[in-house]
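First comes the structure, then the notes that go with it.
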Number of protein chains: 2
Amino acid sequence: MVDNERQLDSVFRALGDPTRLRMIEQLARGDQTVSDLAAPLDMTLAGASKHVGVLEQAGLLTREKRGRERICALNPDALLAARDWVERYSAFWSQRLDALDQALKEDGDD
Amino acid sequence: MVDNERQLDSVFRALGDPTRLRMIEQLARGDQTVSDLAAPLDMTLAGASKHVGVLEQAGLLTREKRGRERICALNPDALLAARDWVERYSAFWSQRLDALDQALKEDGDD
DNA sequence: TTCATTATCAACCATATGGTTGACTATATC
DNA sequence: GATATAGTCAACCATATGGTTGATAATGAA
């Protein structure tokens, strides 16, 4: 839990590429081989494999061997960590509106 | 709404750096000048200013002139867009569990 | 065995990124 | 006016990143 912060930026960096974003979206529809993930992309298989490696490194997916294929599956943990962070800091807005509200009330009492 | 996808990876890329992640966290505690944001960092002001530029470009903050300072404020829109995406794809896990549940039930009826 | 398919790896290339320094603008203060 | 402060900009540098090609390994199919 403590080093959540440390891995967070690698998760965001992994998501910070349109190709990899597409891969995650495709994986949400079910497990895929590396070739499956590469198919819709205008890119060599080796290139796609490197992207899969980045996502795996960031903990966003797992890759396991089955015959001569590698089955990729989303790993929810990393995505959940990202969700928690974004959740917390996107909530700041309503928090600050609440604070403003409070301030106005107290100002009204003045 | 349509080009949400297109800007999403620039938001994630902007968040994919520990320095900028810290800046966002600091901004959640209130508006800050560029110098404020730079202060805790082991970096020149110019360097910090570039990071602020990246965050601004991604739509994560706004920068406006006040005297000789620039006041930085979080812009919730980009963060909310990121939240929506992460929300949707981190929900995949429970969705798939539901699907599995459904499949098992239907298999039982077989 | 032989050939095809799936995937990785290493080497390489062009460009992007994170950082610096130095010059500059604009505002504030003396 | 002179000087200090806040910030940006341009140029530069080292490294990271996204992509390629070619070789290789491992499995599947003939």
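Labels used: A, B, ... for chains in the order of the structure tokens, numbers from 1 for residues in each chain, and numbers from 1 for ligands as shown.
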
Considering only C-alpha atoms (C1' of nucleotides), extract the chain D residues located within 7 Å of chain A and return them as an mmCIF file with N, CA and C atoms (P, O5', C5', C4', C3', O3' and C1' of nucleotides), in the first residue's frame.
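The resulting iface34.cif:
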data_model
loop_
_atom_site.group_PDB
_atom_site.id
_atom_site.type_symbol
_atom_site.label_atom_id
_atom_site.label_comp_id
_atom_site.auth_asym_id
_atom_site.auth_seq_id
_atom_site.Cartn_x
_atom_site.Cartn_y
_atom_site.Cartn_z
ATOM 1 P P DG D 19 4.151 3.458 -31.753
ATOM 2 O "O5'" DG D 19 5.200 2.674 -32.681
ATOM 3 C "C5'" DG D 19 5.321 3.035 -34.019
ATOM 4 C "C4'" DG D 19 6.675 2.682 -34.578
ATOM 5 C "C3'" DG D 19 6.892 1.234 -35.026
ATOM 6 O "O3'" DG D 19 6.257 0.964 -36.266
ATOM 7 C "C1'" DG D 19 8.875 2.213 -34.113
ATOM 8 P P DA D 26 13.630 -22.749 -26.966
ATOM 9 O "O5'" DA D 26 12.072 -22.907 -27.226
ATOM 10 C "C5'" DA D 26 11.201 -21.872 -26.796
ATOM 11 C "C4'" DA D 26 9.825 -22.142 -27.340
ATOM 12 C "C3'" DA D 26 9.442 -23.623 -27.355
ATOM 13 O "O3'" DA D 26 8.099 -23.727 -26.951
ATOM 14 C "C1'" DA D 26 9.174 -22.733 -29.484
ATOM 15 P P DT D 27 7.568 -25.058 -26.202
ATOM 16 O "O5'" DT D 27 6.306 -25.419 -27.099
ATOM 17 C "C5'" DT D 27 5.281 -24.436 -27.209
ATOM 18 C "C4'" DT D 27 4.684 -24.499 -28.587
ATOM 19 C "C3'" DT D 27 3.976 -25.814 -28.909
ATOM 20 O "O3'" DT D 27 2.588 -25.576 -28.840
ATOM 21 C "C1'" DT D 27 5.110 -24.855 -30.770
#

If we count only C-alpha atoms (C1' of nucleotides), what is near D:DT24 at a cut-off of 10 Å, once residues fewer than 2 positions away on the same chain are taken out, given as a PyMOL selection string?
-> (chain C and resi 8-9) or (chain D and resi 22+26)

Since we have the selection now, will you write its residues out, keeping N, CA and C atoms (P, O5', C5', C4', C3', O3' and C1' of nucleotides), as a compact mmCIF listing (two decimals), in the first residue's frame?
# COMPACT_ATOMS: atom_id res chain seq x y z
P DT C 8 5.45 -11.78 -26.58
O5' DT C 8 7.05 -11.91 -26.61
C5' DT C 8 7.63 -13.08 -26.08
C4' DT C 8 9.12 -13.12 -26.42
C3' DT C 8 9.89 -11.87 -25.98
O3' DT C 8 10.95 -12.28 -25.13
C1' DT C 8 10.40 -12.45 -28.23
P DC C 9 11.80 -11.23 -24.30
O5' DC C 9 13.09 -11.00 -25.21
C5' DC C 9 13.80 -12.13 -25.70
C4' DC C 9 14.90 -11.68 -26.65
C3' DC C 9 15.56 -10.36 -26.26
O3' DC C 9 16.96 -10.56 -26.19
C1' DC C 9 14.91 -10.35 -28.55
P DG D 22 15.18 -6.80 -43.19
O5' DG D 22 15.92 -7.71 -42.11
C5' DG D 22 17.07 -7.22 -41.45
C4' DG D 22 17.63 -8.27 -40.52
C3' DG D 22 17.44 -9.71 -41.00
O3' DG D 22 18.60 -10.47 -40.64
C1' DG D 22 16.36 -9.46 -38.93
P DA D 26 13.63 -22.75 -26.97
O5' DA D 26 12.07 -22.91 -27.23
C5' DA D 26 11.20 -21.87 -26.80
C4' DA D 26 9.83 -22.14 -27.34
C3' DA D 26 9.44 -23.62 -27.36
O3' DA D 26 8.10 -23.73 -26.95
C1' DA D 26 9.17 -22.73 -29.48

As a PyMOL selection string, which residues of stretch 22-88 of chain B does DSSP assign to strand (DSSP E)?
-> chain B and resi 32-33+61-66+69-74

Contact check, chain C to chain B, at most 12 Å, counting only C-alpha atoms (C1' of nucleotides), closest pairs as JSON lines:
{"residue": "C:DT17", "atom": "C1'", "partner": "B:Asp17", "partner_atom": "CA", "distance": 10.6}
{"residue": "C:DG18", "atom": "C1'", "partner": "B:Gly47", "partner_atom": "CA", "distance": 8.1}
{"residue": "C:DG19", "atom": "C1'", "partner": "B:Gly47", "partner_atom": "CA", "distance": 6.6}
{"residue": "C:DT20", "atom": "C1'", "partner": "B:Gly47", "partner_atom": "CA", "distance": 8.1}
{"residue": "C:DT21", "atom": "C1'", "partner": "B:Ala46", "partner_atom": "CA", "distance": 9.9}
{"residue": "C:DG22", "atom": "C1'", "partner": "B:Ala46", "partner_atom": "CA", "distance": 11.5}
{"residue": "C:DT25", "atom": "C1'", "partner": "B:Arg68", "partner_atom": "CA", "distance": 10.3}
{"residue": "C:DA26", "atom": "C1'", "partner": "B:Arg68", "partner_atom": "CA", "distance": 6.6}
{"residue": "C:DT27", "atom": "C1'", "partner": "B:Arg68", "partner_atom": "CA", "distance": 4.8}
{"residue": "C:DA28", "atom": "C1'", "partner": "B:Arg68", "partner_atom": "CA", "distance": 7.9}

Residues of chain B within 12 Å of chain A, counting only C-alpha atoms, as an MDAnalysis selection string | chainID B and resid 4:31 58 60 73:97 99:100

What separation in Å, quoted to one decimal, exists between atom C1' of D:DG28 and atom CA of A:Asp36?
-> 18.0 Å

Do you know which residues are at most 10 Å from C:DC30 counting only C-alpha atoms (C1' of nucleotides), after dropping those on the same chain fewer than 5 positions away, and could you put them as a VMD selection string?
-> chain D and resid 2 to 4

In Å to one decimal, how far is atom C1' of D:DT17 from atom CA of A:Gln57?
->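 Straight-line distance from atom CA of A:Gln57 to atom C1' of D:DT17 works out to 14.7 Å.
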
Work out how far atom CA of A:Gly59 is from atom C1' of D:DT21, in Å to one decimal.
-> 28.7 Å

If you run DSSP on the backbone, which residues of stretch 4-96 of chain B are helix (DSSP H, G or I), as a PyMOL selection string?
-> chain B and resi 4-15+18-27+34-38+45-57+76-90+92-96
